[in-house]
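Just structure32.cif here, mmCIF, N, CA and C atoms:
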```cif
data_coords
#
loop_
_atom_site.label_atom_id
_atom_site.label_comp_id
_atom_site.auth_asym_id
_atom_site.auth_seq_id
_atom_site.Cartn_x
_atom_site.Cartn_y
_atom_site.Cartn_z
N MET J 1 16.15 0.16 17.70
CA MET J 1 14.95 0.96 17.87
C MET J 1 14.88 2.01 16.77
N ARG J 2 13.68 2.33 16.35
CA ARG J 2 13.45 3.27 15.26
C ARG J 2 13.73 4.70 15.70
N ASP J 3 14.26 5.49 14.79
CA ASP J 3 14.55 6.90 15.05
C ASP J 3 13.25 7.65 15.30
N PRO J 4 13.05 8.24 16.48
CA PRO J 4 11.78 8.92 16.77
C PRO J 4 11.55 10.16 15.92
N LYS J 5 12.59 10.68 15.28
CA LYS J 5 12.42 11.86 14.43
C LYS J 5 11.94 11.51 13.03
N ALA J 6 11.99 10.22 12.68
CA ALA J 6 11.56 9.80 11.35
C ALA J 6 10.05 9.97 11.24
N THR J 7 9.58 10.34 10.05
CA THR J 7 8.16 10.54 9.84
C THR J 7 7.47 9.19 9.66
N LEU J 8 6.20 9.14 10.00
CA LEU J 8 5.46 7.89 9.90
C LEU J 8 5.33 7.40 8.47
N GLY J 9 5.28 8.31 7.50
CA GLY J 9 5.07 7.93 6.11
C GLY J 9 6.34 7.80 5.31
N GLU J 10 7.48 7.67 5.97
CA GLU J 10 8.72 7.62 5.20
C GLU J 10 8.77 6.38 4.32
N VAL J 11 9.52 6.48 3.25
CA VAL J 11 9.67 5.38 2.33
C VAL J 11 10.64 4.38 2.93
N ILE J 12 10.23 3.13 2.95
CA ILE J 12 11.09 2.06 3.43
C ILE J 12 11.59 1.32 2.21
N ALA J 13 12.90 1.28 2.03
CA ALA J 13 13.48 0.68 0.83
C ALA J 13 13.32 -0.83 0.84
N PRO J 14 13.06 -1.43 -0.32
CA PRO J 14 12.96 -2.88 -0.39
C PRO J 14 14.35 -3.51 -0.28
N ARG J 15 14.33 -4.79 0.08
CA ARG J 15 15.59 -5.54 0.07
C ARG J 15 16.01 -5.72 -1.38
N ARG J 16 17.27 -5.63 -1.63
CA ARG J 16 17.78 -5.81 -2.99
C ARG J 16 18.61 -7.07 -3.04
N THR J 17 18.52 -7.75 -4.18
CA THR J 17 19.34 -8.94 -4.36
C THR J 17 20.25 -8.72 -5.55
N VAL J 18 21.36 -9.41 -5.56
CA VAL J 18 22.29 -9.33 -6.67
C VAL J 18 22.42 -10.71 -7.27
N ASP J 19 22.20 -10.81 -8.57
CA ASP J 19 22.28 -12.08 -9.27
C ASP J 19 23.10 -11.89 -10.53
N ALA J 20 24.26 -12.50 -10.59
CA ALA J 20 25.15 -12.42 -11.75
C ALA J 20 25.44 -10.97 -12.13
N GLY J 21 25.65 -10.14 -11.13
CA GLY J 21 26.02 -8.75 -11.39
C GLY J 21 24.85 -7.82 -11.64
N GLU J 22 23.63 -8.34 -11.71
CA GLU J 22 22.47 -7.49 -11.95
C GLU J 22 21.73 -7.28 -10.64
N ARG J 23 21.25 -6.07 -10.45
CA ARG J 23 20.47 -5.77 -9.26
C ARG J 23 18.99 -5.90 -9.59
N SER J 24 18.24 -6.44 -8.67
CA SER J 24 16.79 -6.50 -8.85
C SER J 24 16.12 -6.23 -7.52
N GLU J 25 14.94 -5.66 -7.59
CA GLU J 25 14.20 -5.38 -6.37
C GLU J 25 13.27 -6.55 -6.09
N GLN J 26 13.23 -6.98 -4.85
CA GLN J 26 12.36 -8.06 -4.43
C GLN J 26 11.36 -7.52 -3.42
N PRO J 27 10.11 -7.94 -3.52
CA PRO J 27 9.15 -7.50 -2.52
C PRO J 27 9.58 -8.00 -1.14
N PRO J 28 9.33 -7.22 -0.11
CA PRO J 28 9.69 -7.65 1.23
C PRO J 28 8.86 -8.83 1.69
N ARG J 29 9.41 -9.64 2.59
CA ARG J 29 8.69 -10.77 3.16
C ARG J 29 7.65 -10.24 4.14
N GLN J 30 6.62 -11.04 4.39
CA GLN J 30 5.56 -10.66 5.33
C GLN J 30 6.16 -10.32 6.70
N ALA J 31 7.20 -11.04 7.13
CA ALA J 31 7.80 -10.79 8.44
C ALA J 31 8.43 -9.40 8.51
N ASP J 32 8.78 -8.81 7.37
CA ASP J 32 9.41 -7.49 7.35
C ASP J 32 8.39 -6.36 7.49
N LEU J 33 7.11 -6.69 7.49
CA LEU J 33 6.07 -5.66 7.42
C LEU J 33 5.81 -4.94 8.73
N ARG J 34 6.09 -5.56 9.84
CA ARG J 34 5.65 -4.99 11.11
C ARG J 34 6.80 -4.68 12.03
N ALA J 35 6.65 -3.60 12.73
CA ALA J 35 7.56 -3.25 13.82
C ALA J 35 6.72 -3.23 15.09
N PRO J 36 7.27 -3.59 16.21
CA PRO J 36 6.47 -3.60 17.44
C PRO J 36 5.86 -2.24 17.74
N ASP J 37 4.59 -2.25 18.08
CA ASP J 37 3.87 -1.07 18.56
C ASP J 37 3.74 0.08 17.57
N GLU J 38 3.93 -0.15 16.29
CA GLU J 38 3.67 0.93 15.35
C GLU J 38 3.34 0.35 13.98
N ALA J 39 2.46 1.04 13.28
CA ALA J 39 2.09 0.61 11.95
C ALA J 39 3.22 0.94 10.98
N VAL J 40 3.47 0.04 10.07
CA VAL J 40 4.52 0.23 9.08
C VAL J 40 3.91 0.00 7.70
N VAL J 41 4.22 0.85 6.78
CA VAL J 41 3.80 0.68 5.40
C VAL J 41 5.07 0.45 4.59
N VAL J 42 5.20 -0.75 4.05
CA VAL J 42 6.38 -1.10 3.26
C VAL J 42 6.12 -0.72 1.82
N GLN J 43 7.15 -0.21 1.14
CA GLN J 43 7.00 0.24 -0.24
C GLN J 43 8.11 -0.31 -1.11
N TYR J 44 7.80 -0.54 -2.38
CA TYR J 44 8.79 -0.92 -3.37
C TYR J 44 8.26 -0.61 -4.76
N GLU J 45 9.09 -0.77 -5.78
CA GLU J 45 8.70 -0.51 -7.17
C GLU J 45 8.38 -1.82 -7.89
N CYS J 46 7.39 -1.76 -8.77
CA CYS J 46 7.03 -2.92 -9.60
C CYS J 46 6.45 -2.40 -10.91
N HIS J 47 7.11 -2.68 -12.01
CA HIS J 47 6.64 -2.26 -13.35
C HIS J 47 6.32 -0.76 -13.41
N GLY J 48 7.16 0.05 -12.82
CA GLY J 48 6.98 1.49 -12.86
C GLY J 48 5.93 2.03 -11.90
N CYS J 49 5.35 1.18 -11.07
CA CYS J 49 4.37 1.61 -10.06
C CYS J 49 5.02 1.61 -8.69
N ARG J 50 4.58 2.48 -7.84
CA ARG J 50 4.95 2.43 -6.43
C ARG J 50 3.96 1.48 -5.78
N VAL J 51 4.45 0.47 -5.09
CA VAL J 51 3.60 -0.50 -4.40
C VAL J 51 3.71 -0.25 -2.90
N LEU J 52 2.58 -0.15 -2.24
CA LEU J 52 2.53 0.00 -0.79
C LEU J 52 1.84 -1.23 -0.22
N ILE J 53 2.46 -1.84 0.77
CA ILE J 53 1.87 -3.00 1.43
C ILE J 53 1.30 -2.54 2.76
N ALA J 54 -0.01 -2.64 2.89
CA ALA J 54 -0.68 -2.22 4.11
C ALA J 54 -1.10 -3.46 4.90
N SER J 55 -1.02 -3.37 6.22
CA SER J 55 -1.44 -4.49 7.05
C SER J 55 -2.15 -3.98 8.30
N ASP J 56 -2.85 -4.87 8.95
CA ASP J 56 -3.60 -4.58 10.18
C ASP J 56 -4.93 -3.92 9.87
N SER J 57 -5.43 -3.13 10.81
CA SER J 57 -6.74 -2.50 10.65
C SER J 57 -6.58 -1.00 10.47
N TYR J 58 -7.56 -0.42 9.78
CA TYR J 58 -7.52 1.01 9.51
C TYR J 58 -8.84 1.66 9.85
N ASP J 59 -8.77 2.57 10.81
CA ASP J 59 -9.89 3.41 11.18
C ASP J 59 -9.33 4.80 11.47
N MET J 60 -10.14 5.68 12.04
CA MET J 60 -9.67 7.06 12.21
C MET J 60 -8.50 7.19 13.18
N THR J 61 -8.29 6.22 14.04
CA THR J 61 -7.16 6.30 14.98
C THR J 61 -5.88 5.67 14.45
N SER J 62 -5.98 4.87 13.38
CA SER J 62 -4.80 4.16 12.88
C SER J 62 -4.45 4.46 11.43
N ILE J 63 -5.14 5.37 10.79
CA ILE J 63 -4.98 5.61 9.36
C ILE J 63 -3.77 6.46 9.01
N LYS J 64 -3.24 7.24 9.94
CA LYS J 64 -2.20 8.22 9.63
C LYS J 64 -0.98 7.66 8.91
N PRO J 65 -0.36 6.56 9.35
CA PRO J 65 0.82 6.07 8.62
C PRO J 65 0.51 5.73 7.15
N LEU J 66 -0.64 5.11 6.92
CA LEU J 66 -1.02 4.78 5.55
C LEU J 66 -1.35 6.04 4.76
N ALA J 67 -2.05 6.98 5.37
CA ALA J 67 -2.40 8.23 4.68
C ALA J 67 -1.14 9.00 4.31
N ASP J 68 -0.17 9.06 5.21
CA ASP J 68 1.08 9.76 4.92
C ASP J 68 1.82 9.08 3.76
N ALA J 69 1.91 7.77 3.82
CA ALA J 69 2.63 7.03 2.77
C ALA J 69 1.94 7.15 1.42
N LEU J 70 0.61 7.03 1.40
CA LEU J 70 -0.13 7.18 0.14
C LEU J 70 -0.02 8.60 -0.40
N GLY J 71 -0.03 9.59 0.47
CA GLY J 71 0.11 10.98 0.03
C GLY J 71 1.44 11.22 -0.66
N ILE J 72 2.50 10.73 -0.06
CA ILE J 72 3.84 10.88 -0.65
C ILE J 72 3.92 10.13 -1.97
N ALA J 73 3.44 8.89 -1.98
CA ALA J 73 3.49 8.08 -3.20
C ALA J 73 2.67 8.72 -4.32
N ALA J 74 1.51 9.25 -4.00
CA ALA J 74 0.64 9.88 -5.01
C ALA J 74 1.29 11.12 -5.61
N ARG J 75 2.01 11.88 -4.79
CA ARG J 75 2.69 13.07 -5.31
C ARG J 75 3.89 12.72 -6.18
N GLU J 76 4.53 11.60 -5.91
CA GLU J 76 5.77 11.26 -6.60
C GLU J 76 5.63 10.25 -7.73
N HIS J 77 4.48 9.55 -7.82
CA HIS J 77 4.31 8.49 -8.81
C HIS J 77 2.95 8.60 -9.49
N PRO J 78 2.90 8.43 -10.81
CA PRO J 78 1.62 8.52 -11.50
C PRO J 78 0.73 7.29 -11.27
N ARG J 79 1.32 6.15 -10.88
CA ARG J 79 0.56 4.93 -10.60
C ARG J 79 0.99 4.36 -9.26
N VAL J 80 0.01 4.04 -8.41
CA VAL J 80 0.27 3.49 -7.09
C VAL J 80 -0.60 2.25 -6.90
N VAL J 81 0.01 1.19 -6.39
CA VAL J 81 -0.71 -0.04 -6.08
C VAL J 81 -0.72 -0.22 -4.57
N LEU J 82 -1.91 -0.42 -4.01
CA LEU J 82 -2.04 -0.72 -2.59
C LEU J 82 -2.27 -2.21 -2.46
N GLU J 83 -1.31 -2.92 -1.87
CA GLU J 83 -1.42 -4.36 -1.65
C GLU J 83 -2.16 -4.54 -0.34
N ALA J 84 -3.35 -5.15 -0.39
CA ALA J 84 -4.27 -5.15 0.76
C ALA J 84 -4.54 -6.53 1.33
N SER J 85 -3.69 -7.50 1.09
CA SER J 85 -3.96 -8.87 1.54
C SER J 85 -3.84 -9.06 3.05
N SER J 86 -3.26 -8.10 3.75
CA SER J 86 -3.10 -8.23 5.21
C SER J 86 -3.93 -7.21 5.99
N ILE J 87 -4.89 -6.59 5.32
CA ILE J 87 -5.76 -5.65 6.02
C ILE J 87 -6.86 -6.45 6.70
N THR J 88 -6.95 -6.32 8.02
CA THR J 88 -7.91 -7.10 8.80
C THR J 88 -9.22 -6.36 9.04
N PHE J 89 -9.20 -5.04 8.95
CA PHE J 89 -10.40 -4.23 9.14
C PHE J 89 -10.21 -2.91 8.41
N ALA J 90 -11.28 -2.42 7.80
CA ALA J 90 -11.22 -1.13 7.12
C ALA J 90 -12.53 -0.39 7.38
N SER J 91 -12.41 0.83 7.86
CA SER J 91 -13.59 1.66 8.16
C SER J 91 -13.85 2.64 7.02
N SER J 92 -14.83 3.51 7.23
CA SER J 92 -15.12 4.55 6.24
C SER J 92 -13.95 5.51 6.09
N THR J 93 -13.12 5.64 7.11
CA THR J 93 -11.92 6.48 7.02
C THR J 93 -10.97 5.93 5.96
N PHE J 94 -10.83 4.62 5.92
CA PHE J 94 -10.00 3.95 4.91
C PHE J 94 -10.59 4.19 3.51
N LEU J 95 -11.90 4.05 3.38
CA LEU J 95 -12.55 4.26 2.09
C LEU J 95 -12.37 5.70 1.62
N ASN J 96 -12.51 6.64 2.52
CA ASN J 96 -12.31 8.05 2.19
C ASN J 96 -10.88 8.28 1.70
N LEU J 97 -9.92 7.66 2.35
CA LEU J 97 -8.52 7.79 1.93
C LEU J 97 -8.34 7.27 0.51
N LEU J 98 -8.97 6.15 0.18
CA LEU J 98 -8.86 5.61 -1.18
C LEU J 98 -9.41 6.59 -2.21
N VAL J 99 -10.58 7.15 -1.93
CA VAL J 99 -11.21 8.10 -2.86
C VAL J 99 -10.34 9.34 -3.03
N LEU J 100 -9.84 9.89 -1.94
CA LEU J 100 -9.01 11.09 -2.01
C LEU J 100 -7.69 10.80 -2.76
N THR J 101 -7.10 9.65 -2.51
CA THR J 101 -5.86 9.30 -3.19
C THR J 101 -6.11 9.10 -4.68
N ARG J 102 -7.24 8.51 -5.03
CA ARG J 102 -7.59 8.27 -6.44
C ARG J 102 -7.72 9.59 -7.20
N GLN J 103 -8.02 10.68 -6.51
CA GLN J 103 -8.14 11.98 -7.17
C GLN J 103 -6.78 12.55 -7.58
N THR J 104 -5.69 12.05 -6.99
CA THR J 104 -4.37 12.60 -7.29
C THR J 104 -3.45 11.65 -8.04
N THR J 105 -3.81 10.37 -8.12
CA THR J 105 -2.96 9.40 -8.82
C THR J 105 -3.83 8.26 -9.32
N ASP J 106 -3.27 7.44 -10.19
CA ASP J 106 -3.95 6.24 -10.68
C ASP J 106 -3.76 5.16 -9.62
N LEU J 107 -4.67 5.11 -8.64
CA LEU J 107 -4.59 4.16 -7.54
C LEU J 107 -5.20 2.84 -7.95
N ARG J 108 -4.47 1.76 -7.66
CA ARG J 108 -4.95 0.42 -7.93
C ARG J 108 -4.86 -0.37 -6.63
N MET J 109 -5.64 -1.44 -6.52
CA MET J 109 -5.57 -2.27 -5.33
C MET J 109 -5.30 -3.71 -5.74
N ALA J 110 -4.44 -4.37 -4.96
CA ALA J 110 -4.10 -5.76 -5.22
C ALA J 110 -4.46 -6.62 -4.02
N ALA J 111 -4.99 -7.78 -4.30
CA ALA J 111 -5.22 -8.84 -3.32
C ALA J 111 -6.00 -8.39 -2.09
N PRO J 112 -7.13 -7.72 -2.25
CA PRO J 112 -7.88 -7.33 -1.05
C PRO J 112 -8.42 -8.56 -0.33
N THR J 113 -8.50 -8.47 0.98
CA THR J 113 -9.12 -9.54 1.76
C THR J 113 -10.60 -9.60 1.41
N PRO J 114 -11.27 -10.71 1.71
CA PRO J 114 -12.71 -10.76 1.42
C PRO J 114 -13.49 -9.63 2.09
N GLN J 115 -13.12 -9.25 3.30
CA GLN J 115 -13.82 -8.15 3.99
C GLN J 115 -13.64 -6.84 3.24
N VAL J 116 -12.41 -6.56 2.81
CA VAL J 116 -12.14 -5.32 2.07
C VAL J 116 -12.81 -5.37 0.70
N GLN J 117 -12.75 -6.50 0.03
CA GLN J 117 -13.40 -6.64 -1.28
C GLN J 117 -14.90 -6.38 -1.17
N ARG J 118 -15.53 -6.93 -0.14
CA ARG J 118 -16.97 -6.73 0.07
C ARG J 118 -17.27 -5.25 0.34
N LEU J 119 -16.44 -4.61 1.14
CA LEU J 119 -16.61 -3.19 1.43
C LEU J 119 -16.51 -2.35 0.16
N LEU J 120 -15.54 -2.68 -0.70
CA LEU J 120 -15.39 -1.97 -1.97
C LEU J 120 -16.62 -2.15 -2.85
N GLU J 121 -17.16 -3.38 -2.88
CA GLU J 121 -18.33 -3.66 -3.71
C GLU J 121 -19.58 -2.95 -3.18
N ILE J 122 -19.81 -3.01 -1.87
CA ILE J 122 -21.00 -2.39 -1.27
C ILE J 122 -21.02 -0.89 -1.51
N THR J 123 -19.86 -0.26 -1.42
CA THR J 123 -19.79 1.20 -1.55
C THR J 123 -19.60 1.67 -2.99
N GLY J 124 -19.32 0.74 -3.90
CA GLY J 124 -19.11 1.10 -5.30
C GLY J 124 -17.71 1.59 -5.61
N ILE J 125 -16.83 1.56 -4.64
CA ILE J 125 -15.46 2.03 -4.87
C ILE J 125 -14.72 1.10 -5.82
N ASP J 126 -15.17 -0.15 -5.92
CA ASP J 126 -14.54 -1.07 -6.86
C ASP J 126 -14.76 -0.63 -8.31
N THR J 127 -15.68 0.29 -8.54
CA THR J 127 -15.91 0.79 -9.90
C THR J 127 -14.95 1.92 -10.28
N ILE J 128 -14.32 2.54 -9.28
CA ILE J 128 -13.36 3.62 -9.60
C ILE J 128 -11.92 3.18 -9.44
N LEU J 129 -11.68 2.05 -8.77
CA LEU J 129 -10.32 1.52 -8.62
C LEU J 129 -10.15 0.29 -9.49
N LYS J 130 -8.95 0.08 -9.96
CA LYS J 130 -8.62 -1.17 -10.62
C LYS J 130 -8.22 -2.14 -9.52
N VAL J 131 -9.07 -3.14 -9.29
CA VAL J 131 -8.83 -4.12 -8.24
C VAL J 131 -8.44 -5.43 -8.91
N ARG J 132 -7.28 -5.94 -8.56
CA ARG J 132 -6.75 -7.17 -9.17
C ARG J 132 -6.30 -8.15 -8.09
N ALA J 133 -6.10 -9.40 -8.49
CA ALA J 133 -5.74 -10.45 -7.54
C ALA J 133 -4.30 -10.36 -7.07
N THR J 134 -3.40 -9.83 -7.89
CA THR J 134 -1.99 -9.77 -7.52
C THR J 134 -1.42 -8.38 -7.79
N VAL J 135 -0.28 -8.11 -7.16
CA VAL J 135 0.42 -6.84 -7.41
C VAL J 135 0.84 -6.77 -8.87
N GLU J 136 1.35 -7.86 -9.41
CA GLU J 136 1.79 -7.91 -10.81
C GLU J 136 0.66 -7.51 -11.75
N GLU J 137 -0.53 -8.08 -11.53
CA GLU J 137 -1.69 -7.75 -12.38
C GLU J 137 -2.10 -6.29 -12.20
N ALA J 138 -2.11 -5.82 -10.97
CA ALA J 138 -2.51 -4.43 -10.72
C ALA J 138 -1.52 -3.45 -11.33
N ALA J 139 -0.25 -3.77 -11.27
CA ALA J 139 0.78 -2.87 -11.79
C ALA J 139 0.78 -2.80 -13.31
N THR J 140 0.33 -3.85 -13.96
CA THR J 140 0.42 -3.89 -15.42
C THR J 140 -0.92 -3.70 -16.14
N CYS J 141 -2.02 -3.54 -15.39
CA CYS J 141 -3.33 -3.40 -16.07
C CYS J 141 -3.55 -1.99 -16.56
#
```

Please express the file's structure as structure tokens.
Amino acid sequence: MRDPKATLGEVIAPRRTVDAGERSEQPPRQADLRAPDEAVVVQYECHGCRVLIASDSYDMTSIKPLADALGIAAREHPRVVLEASSITFASSTFLNLLVLTRQTTDLRMAAPTPQVQRLLEITGIDTILKVRATVEEAATC
């Protein structure tokens, strides 16, 4: 069971692999993303960017874990990638979080779902964020 004193936005370390004496960071598997009854934001490094993997739905009642994690990442890293392939719903609260985060760091988005992509296009937020198909592309653009 998770430590109840831990903050919702804490950094979760990626799994590390060792190959011929060299350490490398591997993105977590989809199964590692969720804990029962609480939202989890998984984070790791890719090409000097902090990558956050968000999943599930985001509205005013569920945004806090993602907002906390993005706030910490934005303060500590000049470039942040939000991997959005598992976001099932996003409200105006989510859009507001993207705009506010973009004011403090170079926020990029990777692999948005069709619903999220459409929301970004309708609101024009796709013009202020670098939206790419993969984390690799978003981290290196």

Task: Chain and number of each residue from the PyMOL selection byres (((chain J and resi 50 and name CA) around 9) and name CA), as a list in words - done: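 For this structure, the PyMOL selection byres (((chain J and resi 50 and name CA) around 9) and name CA) captures Gln43, Tyr44, Glu45, Cys46, His47, Gly48, Cys49, Val51, Leu52, Ala73, Ala74, Glu76, His77, Pro78, Arg79, Val80, Val81, Leu82 and Ala139 of chain J.
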
- [ ] Report as number ranges by chain the residues that result from applying the PyMOL selection byres ((chain J and resi 93-102) around 7) to the structure here.
- [x] J: 58-60, 63, 67, 70-71, 74, 90-92, 103-107

Task: Contact residues around region 134-138 of chain J with only N, CA and C atoms at 7 Å, ignoring same-chain residues under 5 positions, as a PyMOL selection string - done: chain J and resi 81+83+108-111

Open item on the list: Quick check, in Å to one decimal: how far apart do atom N of Arg132 (chain J) and atom N of Pro112 (chain J) lie?
Closed with: 6.6 Å

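Note that atom N of Ser62 (chain J) and CA of Val131 (chain J) are 23.6 Å apart.
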
Open item on the list: For the structure I just gave you, how does DSSP split region 68-131 of chain J - specifically, which residues are helix (DSSP H, G or I)? Reply as a PyMOL selection string.
Closed with: chain J and resi 68-76+92-102+114-123+125-127

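Taking CA of Ser57 (chain J) as the reference point, CA of Ile87 (chain J) is found at 5.7 Å.
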